[in-house]
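Chemist: Hey, dropping coords_28.txt in here, compact mmCIF, C-alpha atoms:
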# COMPACT_ATOMS: atom_id res chain seq x y z
CA MET K 149 197.27 106.64 84.28
CA LYS K 150 194.78 103.77 84.43
CA LYS K 151 197.60 101.23 84.63
CA GLY K 152 199.18 103.17 87.49
CA LEU K 153 195.88 103.32 89.36
CA LEU K 154 195.31 99.61 88.78
CA LEU K 155 198.79 98.80 90.10
CA ALA K 156 198.25 100.99 93.17
CA LEU K 157 194.92 99.30 93.92
CA SER K 158 196.49 95.87 93.44
CA LEU K 159 199.32 96.72 95.86
CA LEU K 160 196.84 98.10 98.36
CA PHE K 161 194.78 94.91 98.15
CA PHE K 162 197.94 92.81 98.59
CA VAL K 163 199.16 94.77 101.61
CA SER K 164 195.70 94.71 103.17
CA SER K 165 195.43 90.96 102.63
CA PHE K 166 198.88 90.38 104.07
CA ALA K 167 198.15 92.54 107.12
CA GLN K 168 195.00 90.51 107.78
CA SER K 169 196.55 87.13 107.02
CA LYS K 170 197.17 86.39 110.70
CA VAL K 171 193.53 86.85 111.70
CA ILE K 172 191.19 83.89 111.25
CA TYR K 173 187.40 84.02 111.45
CA GLU K 174 185.68 80.79 112.44
CA GLU K 175 182.25 79.57 113.41
CA TYR K 176 182.23 76.98 116.15
CA PRO K 177 179.15 74.72 116.49
CA SER K 178 178.73 74.45 120.25
CA THR K 179 176.93 71.49 121.81
CA SER K 180 176.75 73.26 125.18
CA LEU K 181 175.17 76.40 123.73
CA GLY K 182 173.09 74.63 121.11
CA GLU K 183 174.21 77.19 118.55
CA THR K 184 177.15 78.33 116.46
CA ARG K 185 179.40 80.92 118.03
CA LYS K 186 181.71 83.16 116.00
CA LEU K 187 185.41 83.24 116.89
CA LYS K 188 188.11 85.70 115.89
CA ILE K 189 191.65 84.33 116.13
CA GLN K 190 194.96 86.16 115.80
CA LEU K 191 198.02 83.99 115.26
CA PRO K 192 201.56 85.24 115.93
CA ARG K 193 203.51 86.68 113.01
CA ASP K 194 205.91 83.74 112.82
CA TYR K 195 203.33 81.01 113.45
CA ASP K 196 203.64 79.40 110.01
CA GLN K 197 207.45 79.63 109.94
CA ASN K 198 208.31 78.24 113.39
CA VAL K 199 206.51 74.91 113.23
CA ASP K 200 208.08 73.61 116.46
CA LYS K 201 207.19 76.64 118.55
CA VAL K 202 204.29 76.78 121.02
CA TYR K 203 202.38 79.85 122.14
CA PRO K 204 200.41 81.00 125.21
CA VAL K 205 196.69 81.56 124.66
CA ILE K 206 194.75 84.71 125.53
CA VAL K 207 190.96 84.31 125.52
CA VAL K 208 189.03 87.55 125.04
CA LEU K 209 185.36 87.77 125.92
CA ASP K 210 183.33 90.68 124.54
CA ALA K 211 185.46 90.25 121.42
CA ASN K 212 183.10 92.48 119.42
CA TYR K 213 184.98 95.44 120.90
CA LEU K 214 187.77 94.00 123.08
CA PHE K 215 189.50 91.79 120.51
CA GLU K 216 191.36 94.51 118.58
CA PRO K 217 192.72 96.33 121.68
CA VAL K 218 193.97 93.05 123.15
CA ALA K 219 195.33 91.66 119.87
CA GLY K 220 197.06 94.95 119.08
CA ASN K 221 198.79 95.09 122.46
CA VAL K 222 199.83 91.45 122.25
CA ASP K 223 201.33 91.97 118.80
CA TYR K 224 203.14 95.14 119.89
CA PHE K 225 204.53 93.81 123.18
CA SER K 226 205.64 90.53 121.63
CA TYR K 227 207.33 92.37 118.74
CA TRP K 228 209.63 94.05 121.29
CA GLU K 229 210.01 90.81 123.31
CA ASP K 230 208.26 92.26 126.34
CA MET K 231 205.93 89.26 126.32
CA PRO K 232 205.90 85.96 124.44
CA GLU K 233 204.16 85.77 121.08
CA SER K 234 200.66 84.52 121.84
CA ILE K 235 197.51 83.23 120.20
CA VAL K 236 194.56 85.56 120.82
CA ILE K 237 191.09 83.96 120.78
CA GLY K 238 188.13 86.33 120.61
CA VAL K 239 184.65 85.06 121.50
CA MET K 240 182.02 87.18 119.77
CA GLN K 241 179.06 87.83 122.07
CA GLY K 242 177.29 91.05 121.14
CA ASP K 243 173.91 91.34 122.85
CA LYS K 244 174.22 87.72 124.05
CA ARG K 245 176.79 88.78 126.64
CA TYR K 246 174.06 89.22 129.27
CA GLU K 247 172.72 85.69 128.76
CA ASP K 248 176.26 84.31 128.55
CA CYS K 249 177.14 85.83 131.91
CA SER K 250 173.90 85.13 133.75
CA TYR K 251 174.00 83.71 137.28
CA ASP K 252 171.55 82.25 139.78
CA ASP K 253 169.66 84.67 142.03
CA ILE K 254 170.28 82.49 145.10
CA ASN K 255 173.85 81.13 144.93
CA PHE K 256 175.06 83.74 142.38
CA MET K 257 176.95 81.14 140.34
CA PRO K 258 176.44 80.60 136.57
CA ASP K 259 173.05 79.11 135.73
CA GLU K 260 171.01 78.28 132.62
CA LYS K 261 172.62 80.11 129.67
CA GLY K 262 175.47 81.24 131.93
CA ALA K 263 176.20 77.64 132.93
CA ASP K 264 176.09 76.61 129.26
CA PHE K 265 178.53 79.35 128.34
CA PHE K 266 180.78 78.35 131.25
CA GLU K 267 180.92 74.79 129.88
CA PHE K 268 181.40 76.04 126.31
CA ILE K 269 184.60 77.86 127.27
CA GLY K 270 186.03 75.13 129.49
CA LEU K 271 184.86 71.91 127.85
CA GLU K 272 184.67 72.89 124.18
CA LEU K 273 186.60 76.02 123.24
CA MET K 274 189.84 75.42 125.15
CA PRO K 275 190.20 71.74 124.08
CA TYR K 276 189.46 72.81 120.49
CA ILE K 277 192.15 75.49 120.59
CA ASP K 278 194.69 73.07 122.08
CA SER K 279 193.96 70.44 119.43
CA THR K 280 193.97 72.88 116.51
CA PHE K 281 196.91 75.17 117.30
CA ARG K 282 200.35 74.81 118.87
CA THR K 283 199.58 76.04 122.37
CA ALA K 284 201.74 76.44 125.46
CA LYS K 285 200.31 75.68 128.87
CA PHE K 286 199.91 79.36 129.88
CA THR K 287 196.45 80.88 129.36
CA ILE K 288 194.89 84.26 130.17
CA ALA K 289 191.25 85.39 130.18
CA VAL K 290 190.20 89.01 129.56
CA GLY K 291 186.83 90.52 130.38
CA HIS K 292 185.08 93.88 130.89
CA ASP K 293 182.27 94.56 133.44
CA PHE K 294 179.86 91.57 133.01
CA THR K 295 182.47 89.36 131.34
CA ALA K 296 185.13 90.50 133.83
CA ASN K 297 182.89 89.14 136.55
CA PHE K 298 182.34 85.92 134.60
CA ILE K 299 186.00 84.95 134.15
CA ASN K 300 186.36 84.86 137.95
CA TYR K 301 184.21 81.73 138.08
CA TYR K 302 187.05 79.75 136.49
CA LEU K 303 189.12 80.37 139.61
CA PHE K 304 186.79 77.99 141.42
CA LYS K 305 187.70 75.08 139.17
CA ASP K 306 190.43 72.80 140.53
CA PRO K 307 192.84 73.59 139.06
CA PRO K 308 191.62 76.93 137.66
CA LEU K 309 191.09 76.96 133.91
CA PHE K 310 193.30 80.02 133.34
CA ASN K 311 196.68 81.08 134.70
CA GLY K 312 195.99 84.80 134.32
CA TYR K 313 192.89 86.99 134.74
CA ILE K 314 192.55 90.54 133.41
CA CYS K 315 189.43 91.99 135.04
CA LEU K 316 188.50 95.43 133.75
CA SER K 317 185.94 97.23 135.91
CA PRO K 318 184.13 94.02 136.90
CA ASP K 319 180.40 94.11 137.59
CA LEU K 320 180.73 91.56 140.39
CA ALA K 321 177.99 89.13 141.31
CA PRO K 322 176.89 89.30 144.97
CA LYS K 323 179.19 87.50 147.42
CA LEU K 324 181.97 87.10 144.85
CA ASP K 325 184.03 89.81 146.58
CA ASP K 326 184.04 87.57 149.66
CA ARG K 327 184.38 84.24 147.87
CA LEU K 328 187.46 85.25 145.88
CA PRO K 329 189.63 86.14 148.92
CA GLN K 330 188.60 82.82 150.49
CA ARG K 331 189.33 80.79 147.39
CA ILE K 332 192.59 82.31 146.13
CA PRO K 333 194.90 81.30 149.04
CA ASN K 334 193.88 77.66 148.43
CA ILE K 335 194.90 77.66 144.76
CA GLU K 336 198.10 75.63 144.40
CA SER K 337 199.03 76.69 140.86
CA LYS K 338 200.66 80.03 140.01
CA THR K 339 197.95 82.60 139.31
CA PHE K 340 198.20 86.15 137.95
CA TYR K 341 195.35 88.55 138.64
CA TYR K 342 195.03 92.08 137.24
CA LEU K 343 192.23 94.41 138.32
CA ALA K 344 191.53 97.93 137.02
CA THR K 345 189.13 100.82 137.36
CA GLY K 346 189.29 104.58 136.69
CA SER K 347 188.46 107.72 138.62
CA ASP K 348 185.64 108.45 136.15
CA ASP K 349 184.40 104.86 135.97
CA ILE K 350 180.72 104.10 136.62
CA LYS K 351 180.41 104.97 140.31
CA ASP K 352 179.02 101.64 141.51
CA LEU K 353 181.59 99.63 139.54
CA MET K 354 184.45 101.80 140.76
CA GLU K 355 183.39 101.24 144.37
CA ILE K 356 182.98 97.50 143.79
CA THR K 357 186.44 97.30 142.22
CA GLN K 358 188.09 99.32 144.97
CA ASP K 359 186.42 97.15 147.61
CA LEU K 360 187.70 94.01 145.88
CA ASP K 361 191.18 95.51 145.70
CA ASN K 362 191.16 96.13 149.46
CA LYS K 363 190.34 92.46 150.02
CA LEU K 364 192.81 91.01 147.50
CA LYS K 365 195.88 93.13 148.17
CA GLY K 366 196.29 91.75 151.67
CA LEU K 367 196.26 88.08 150.65
CA LYS K 368 199.36 86.08 151.53
CA SER K 369 200.12 83.44 148.93
CA ASP K 370 203.32 82.62 147.06
CA ASN K 371 201.20 81.43 144.14
CA PHE K 372 199.16 84.61 143.75
CA SER K 373 200.56 87.62 141.87
CA TYR K 374 198.17 90.55 142.16
CA TYR K 375 198.16 93.92 140.35
CA PHE K 376 195.78 96.86 140.57
CA ASP K 377 195.41 100.15 138.70
CA ASN K 378 193.06 103.07 139.24
CA PHE K 379 193.59 105.36 136.26
CA GLN K 380 193.12 109.06 136.89
CA GLY K 381 190.55 110.57 134.52
CA ALA K 382 189.69 107.22 132.89
CA THR K 383 186.07 106.38 132.15
CA HIS K 384 184.47 102.94 132.09
CA TYR K 385 185.46 102.62 128.44
CA SER K 386 188.71 104.59 128.16
CA LEU K 387 190.29 102.65 131.04
CA VAL K 388 190.47 99.61 128.73
CA ALA K 389 193.06 101.27 126.51
CA ARG K 390 195.21 102.15 129.53
CA ALA K 391 194.74 98.93 131.46
CA LEU K 392 195.63 96.41 128.76
CA PRO K 393 199.27 97.49 128.25
CA SER K 394 199.70 97.83 132.00
CA ALA K 395 198.36 94.31 132.53
CA MET K 396 200.64 92.83 129.84
CA GLU K 397 203.65 94.61 131.26
CA LYS K 398 203.00 93.42 134.80
CA ILE K 399 201.95 89.84 134.13
CA PHE K 400 204.90 89.23 131.81
CA SER K 401 207.51 91.21 133.77
CA VAL K 402 209.76 88.16 134.26
CA TYR K 403 209.71 87.48 130.52
CA ARG K 404 211.12 90.86 129.49
CA PRO K 405 214.82 91.38 128.72
CA ILE K 406 216.78 92.56 131.75
CA SER K 407 216.13 96.28 132.14
CA LYS K 408 218.31 99.00 133.62
CA GLN K 409 216.09 99.02 136.69
CA GLU K 410 216.34 95.24 137.10
CA TYR K 411 220.10 95.46 136.64
CA SER K 412 220.59 98.24 139.20
CA ASN K 413 217.94 97.41 141.80
CA VAL K 414 218.04 93.63 141.72
CA ILE K 415 221.12 92.08 140.14
CA LEU K 416 223.74 94.43 141.59
CA LYS K 417 222.22 94.14 145.07
CA MET K 418 221.70 90.38 145.22
CA GLU K 419 223.94 88.20 147.37
CA THR K 420 223.61 85.00 145.34
CA PRO K 421 225.75 84.47 142.20
CA VAL K 422 224.70 86.43 139.12
CA SER K 423 224.89 83.28 136.98
CA GLU K 424 222.22 81.70 139.17
CA TYR K 425 219.96 84.68 138.56
CA LEU K 426 220.31 84.26 134.81
CA ASN K 427 219.57 80.53 135.02
CA ASP K 428 216.63 81.08 137.35
CA LYS K 429 215.12 83.77 135.10
CA TYR K 430 214.87 81.42 132.14
CA ALA K 431 213.85 78.46 134.29
CA THR K 432 210.97 80.59 135.55
CA ILE K 433 209.98 81.49 131.98
CA LYS K 434 209.91 77.79 131.12
CA ASP K 435 208.00 76.84 134.27
CA LEU K 436 205.39 79.61 134.01
CA PHE K 437 204.84 79.86 130.29
CA GLY K 438 206.01 76.45 129.05
CA LEU K 439 208.56 78.12 126.75
CA SER K 440 212.16 76.95 126.32
CA ASN K 441 213.53 80.25 125.04
CA PRO K 442 217.20 80.82 124.21
CA ILE K 443 218.86 83.30 126.55
CA ARG K 444 218.90 86.74 124.93
CA VAL K 445 222.17 88.43 124.01
CA ASN K 446 221.00 91.44 126.03
CA ASP K 447 220.68 89.28 129.15
CA PHE K 448 224.11 87.69 128.70
CA ILE K 449 225.70 91.13 128.37
CA ALA K 450 223.79 92.58 131.35
CA THR K 451 224.67 89.73 133.71
CA ALA K 452 228.28 89.55 132.51
CA LYS K 453 228.63 93.28 133.12
CA ALA K 454 227.25 92.77 136.64
CA CYS K 455 229.82 90.01 137.24
CA GLU K 456 232.61 92.39 136.23
CA LYS K 457 231.27 95.17 138.44
CA LYS K 458 230.88 92.81 141.43
CA LYS K 459 234.11 90.96 140.64
CA GLU K 460 232.29 87.62 140.52
CA TRP K 461 234.82 85.91 138.25
CA GLU K 462 233.61 82.33 138.73
CA SER K 463 230.10 83.47 137.88
CA LEU K 464 231.48 85.22 134.79
CA GLU K 465 233.08 81.94 133.66
CA VAL K 466 229.73 80.16 133.97
CA ILE K 467 227.98 82.86 131.94
CA ALA K 468 230.75 82.85 129.31
CA ASN K 469 230.44 79.09 128.81
CA MET K 470 226.65 79.38 128.61
CA ALA K 471 227.06 82.05 125.93
CA LYS K 472 229.54 79.90 123.97
CA LYS K 473 227.04 77.07 123.97
CA GLN K 474 224.09 79.32 123.06
CA TYR K 475 225.89 81.39 120.42
CA PRO K 476 228.90 79.28 119.37
CA ASN K 477 229.60 81.14 116.14
CA THR K 478 229.80 84.59 117.71
CA THR K 479 232.37 86.50 119.75
CA LEU K 480 230.05 86.69 122.77
CA GLY K 481 231.21 83.74 124.88
CA ASP K 482 234.88 84.02 123.88
CA TYR K 483 235.04 87.64 124.96
CA TYR K 484 233.74 87.00 128.46
CA LEU K 485 235.80 83.83 128.83
CA GLY K 486 238.87 85.87 127.89
CA ARG K 487 237.88 88.47 130.48
CA TYR K 488 237.59 85.70 133.06
CA TYR K 489 241.11 84.46 132.30
CA GLU K 490 242.43 88.01 132.49
CA GLU K 491 241.01 88.56 135.95
CA ILE K 492 242.14 85.26 137.49
CA GLY K 493 245.76 85.78 136.35
CA GLU K 494 245.86 83.55 133.25
CA PRO K 495 246.99 86.09 130.58
CA LYS K 496 248.21 83.51 128.06
CA LYS K 497 244.84 81.71 128.11
CA ALA K 498 243.11 85.07 127.81
CA MET K 499 245.24 86.05 124.80
CA ARG K 500 244.58 82.77 123.01
CA THR K 501 240.86 82.98 123.74
CA PHE K 502 240.65 86.47 122.27
CA GLN K 503 242.70 85.46 119.24
CA GLY K 504 240.63 82.32 118.67
CA ALA K 505 237.49 84.37 117.99
CA PHE K 506 238.94 86.51 115.19
CA ASP K 507 236.85 84.76 112.49
CA LYS K 508 233.57 84.64 114.42
CA GLU K 509 230.48 86.76 113.95
CA GLU K 510 230.61 90.08 115.76
CA ILE K 511 227.86 90.69 118.27
CA ASP K 512 226.84 93.99 119.87
CA PHE K 513 229.95 95.90 120.97
CA ILE K 514 232.18 92.80 120.83
CA THR K 515 233.90 93.32 117.49
CA THR K 516 236.80 91.39 115.97
CA ASP K 517 238.97 94.49 116.35
CA LEU K 518 238.17 94.64 120.07
CA MET K 519 239.15 90.99 120.52
CA LEU K 520 242.43 91.36 118.61
CA ASP K 521 243.26 94.62 120.40
CA LYS K 522 242.87 92.90 123.76
CA ALA K 523 245.05 90.01 122.59
CA ASP K 524 247.72 92.42 121.33
CA LYS K 525 247.67 94.38 124.59
CA ILE K 526 248.28 91.18 126.61
CA LYS K 527 251.04 90.19 124.20
CA GLU K 528 252.67 93.58 124.60
CA ASP K 529 252.35 93.66 128.40
CA PHE K 530 253.69 90.13 128.97
CA GLY K 531 256.04 89.81 126.02
CA TYR K 532 254.44 86.71 124.51
Show me the file's structure as structure tokens.
Modeler:
Amino acid sequence: MKKGLLLALSLLFFVSSFAQSKVIYEEYPSTSLGETRKLKIQLPRDYDQNVDKVYPVIVVLDANYLFEPVAGNVDYFSYWEDMPESIVIGVMQGDKRYEDCSYDDINFMPDEKGADFFEFIGLELMPYIDSTFRTAKFTIAVGHDFTANFINYYLFKDPPLFNGYICLSPDLAPKLDDRLPQRIPNIESKTFYYLATGSDDIKDLMEITQDLDNKLKGLKSDNFSYYFDNFQGATHYSLVARALPSAMEKIFSVYRPISKQEYSNVILKMETPVSEYLNDKYATIKDLFGLSNPIRVNDFIATAKACEKKKEWESLEVIANMAKKQYPNTTLGDYYLGRYYEEIGEPKKAMRTFQGAFDKEEIDFITTDLMLDKADKIKEDFGY
């Protein structure tokens, strides 16, 4: 009995240690702040295995209570490939958040401790993260009320420090609701901005947020992607749990595998070649997030299916050859190349292509039996 209990406790300790192995606690001695600031860092699950891979960075202020909700959503969304795996950096603030976010009473920009904290993030923390971890060029800042206001100041740097801003019920400094709409159209780099409140939010903050939304939603800029949510029944605190997954989903929409909605509403209705869409999707992922990801099998199948439906046979050939290069040991590219030959009136080439993949790894619905059946059908129809 004692041995069994000891074994159970040992296993529990092991599992607990393993589950926490991706979270690092550090103390950073800041010159700007003149003190040591605690950091909480979550690394992606495969960080130690994929030594050549780089990761976007998500900086979370108010990490005493915001870190776990953000880190949990990042881990969950990246597990299902709805966003890239990312490094989450939590800055512990506690009751220092008010000093950290302080601003001048005249120009309403960071001053004294607020100016020190501003420099700590930009001149110390971000360079430290880049030099210590394998980071991609895409960064996001997350804040709530006071800290949501504070992250907006980085939009006034040239270029802005962050690519994305998740502002949850911001307690805006005076004049910032006018300064932001003036500044944003002049930003030349791609910027993502998410703003949220709730119907049961603190009344003043809800009104401030709605007023800012009215000013931001009308901005015309190709570089500015703006999203807003007003959650019915959400309080100042409960809106965080609803806003974070919504923000991740919207900011990283281009990163996700092609969905049924994207297939039906975009790809089938576009006038340009489907193969161009596939190339552009992954070029955008590389340009925005600095990630050279392999094209997903799901996206090859979705775009190839669209080519068949739209009878874009030249586009299908391009996609088939891309798939052969990306997944050379599978049936994926051979199947669609065979389909291309079938449709352009080259049955013998189609038959040989299907037959040539008989010893390759099956992928999704494209089995060896399917390939050989198609080859046999051509052989029977044309008497080869």
Chemist: For Val236 in chain K, please output as JSON, numbers by chain all residues within 9 Å (counting all atoms listed in the file; exclusion window: fewer than 2 positions along the same chain).
Modeler: {"K": [188, 189, 190, 191, 192, 204, 205, 206, 207, 208, 215, 218, 219, 222, 234, 238]}
Chemist: Which protein, DNA or RNA residues are at most 8 Å from (190.7, 99.0, 134.8) in the file's coordinates when you count only C-alpha atoms, listed as a PyMOL selection string?
Modeler: chain K and resi 315-317+343-346+376-379+384+387-388+390-391
Chemist: So, with only C-alpha atoms as the atoms that count, which of K:Tyr176, K:Phe298, K:Phe310, K:Tyr227 lies closest to Asp210 in chain K?
Modeler: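 Among the listed residues, K:Phe298 lies closest to Asp210 in chain K.
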Chemist: Between K:Asp230, K:Glu491, K:Ile235, K:Thr184, which one has atoms that come closest to Val171 in chain K, using all atoms listed in the file?
Modeler: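 Residue with the minimum atom-to-atom distance to Val171 in chain K: K:Ile235.
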Chemist: Please identify all polymer residues within 8 Å of range 503-506 of chain K, counting all atoms listed in the file, omitting same-chain residues fewer than 6 positions from it, and present them as a CSV table (one decimal) with C-alpha atoms, keeping the file's coordinate frame.
Modeler:
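Output file around_13.csv is given in full below:
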chain,number,residue,atom,x,y,z
K,478,THR,CA,229.8,84.6,117.7
K,479,THR,CA,232.4,86.5,119.8
K,482,ASP,CA,234.9,84.0,123.9
K,516,THR,CA,236.8,91.4,116.0
K,519,MET,CA,239.2,91.0,120.5
K,520,LEU,CA,242.4,91.4,118.6
K,523,ALA,CA,245.0,90.0,122.6
Chemist: With all atoms listed in the file counted, which protein, DNA or RNA residues have an atom no more than 8 Å from (240.5, 82.0, 126.8) in the file frame? Please answer as an MDAnalysis selection string.
Modeler: chainID K and resid 482 485:489 496:502
Chemist: Taking C-alpha atoms for each residue, export the selection above as an mmCIF file, in the coordinates of the input.
Modeler:
data_model
loop_
_atom_site.group_PDB
_atom_site.id
_atom_site.type_symbol
_atom_site.label_atom_id
_atom_site.label_comp_id
_atom_site.auth_asym_id
_atom_site.auth_seq_id
_atom_site.Cartn_x
_atom_site.Cartn_y
_atom_site.Cartn_z
ATOM 1 C CA ASP K 482 234.880 84.020 123.880
ATOM 2 C CA LEU K 485 235.800 83.830 128.830
ATOM 3 C CA GLY K 486 238.870 85.870 127.890
ATOM 4 C CA ARG K 487 237.880 88.470 130.480
ATOM 5 C CA TYR K 488 237.590 85.700 133.060
ATOM 6 C CA TYR K 489 241.110 84.460 132.300
ATOM 7 C CA LYS K 496 248.210 83.510 128.060
ATOM 8 C CA LYS K 497 244.840 81.710 128.110
ATOM 9 C CA ALA K 498 243.110 85.070 127.810
ATOM 10 C CA MET K 499 245.240 86.050 124.800
ATOM 11 C CA ARG K 500 244.580 82.770 123.010
ATOM 12 C CA THR K 501 240.860 82.980 123.740
ATOM 13 C CA PHE K 502 240.650 86.470 122.270
#
Chemist: Using only C-alpha atoms for the distances, tell me which of K:Met418, K:Leu271, K:Leu320, K:Met257 is nearest to Ser180 in chain K.
Modeler: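 Of all the options, K:Leu271 lies closest to Ser180 in chain K.
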Chemist: Expressed in Å to a single decimal, how great is the separation between CA of Asp507 in chain K and CA of Lys459 in chain K?
Modeler: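 Computing the Euclidean distance for CA of Asp507 in chain K and CA of Lys459 in chain K yields 29.0 Å.
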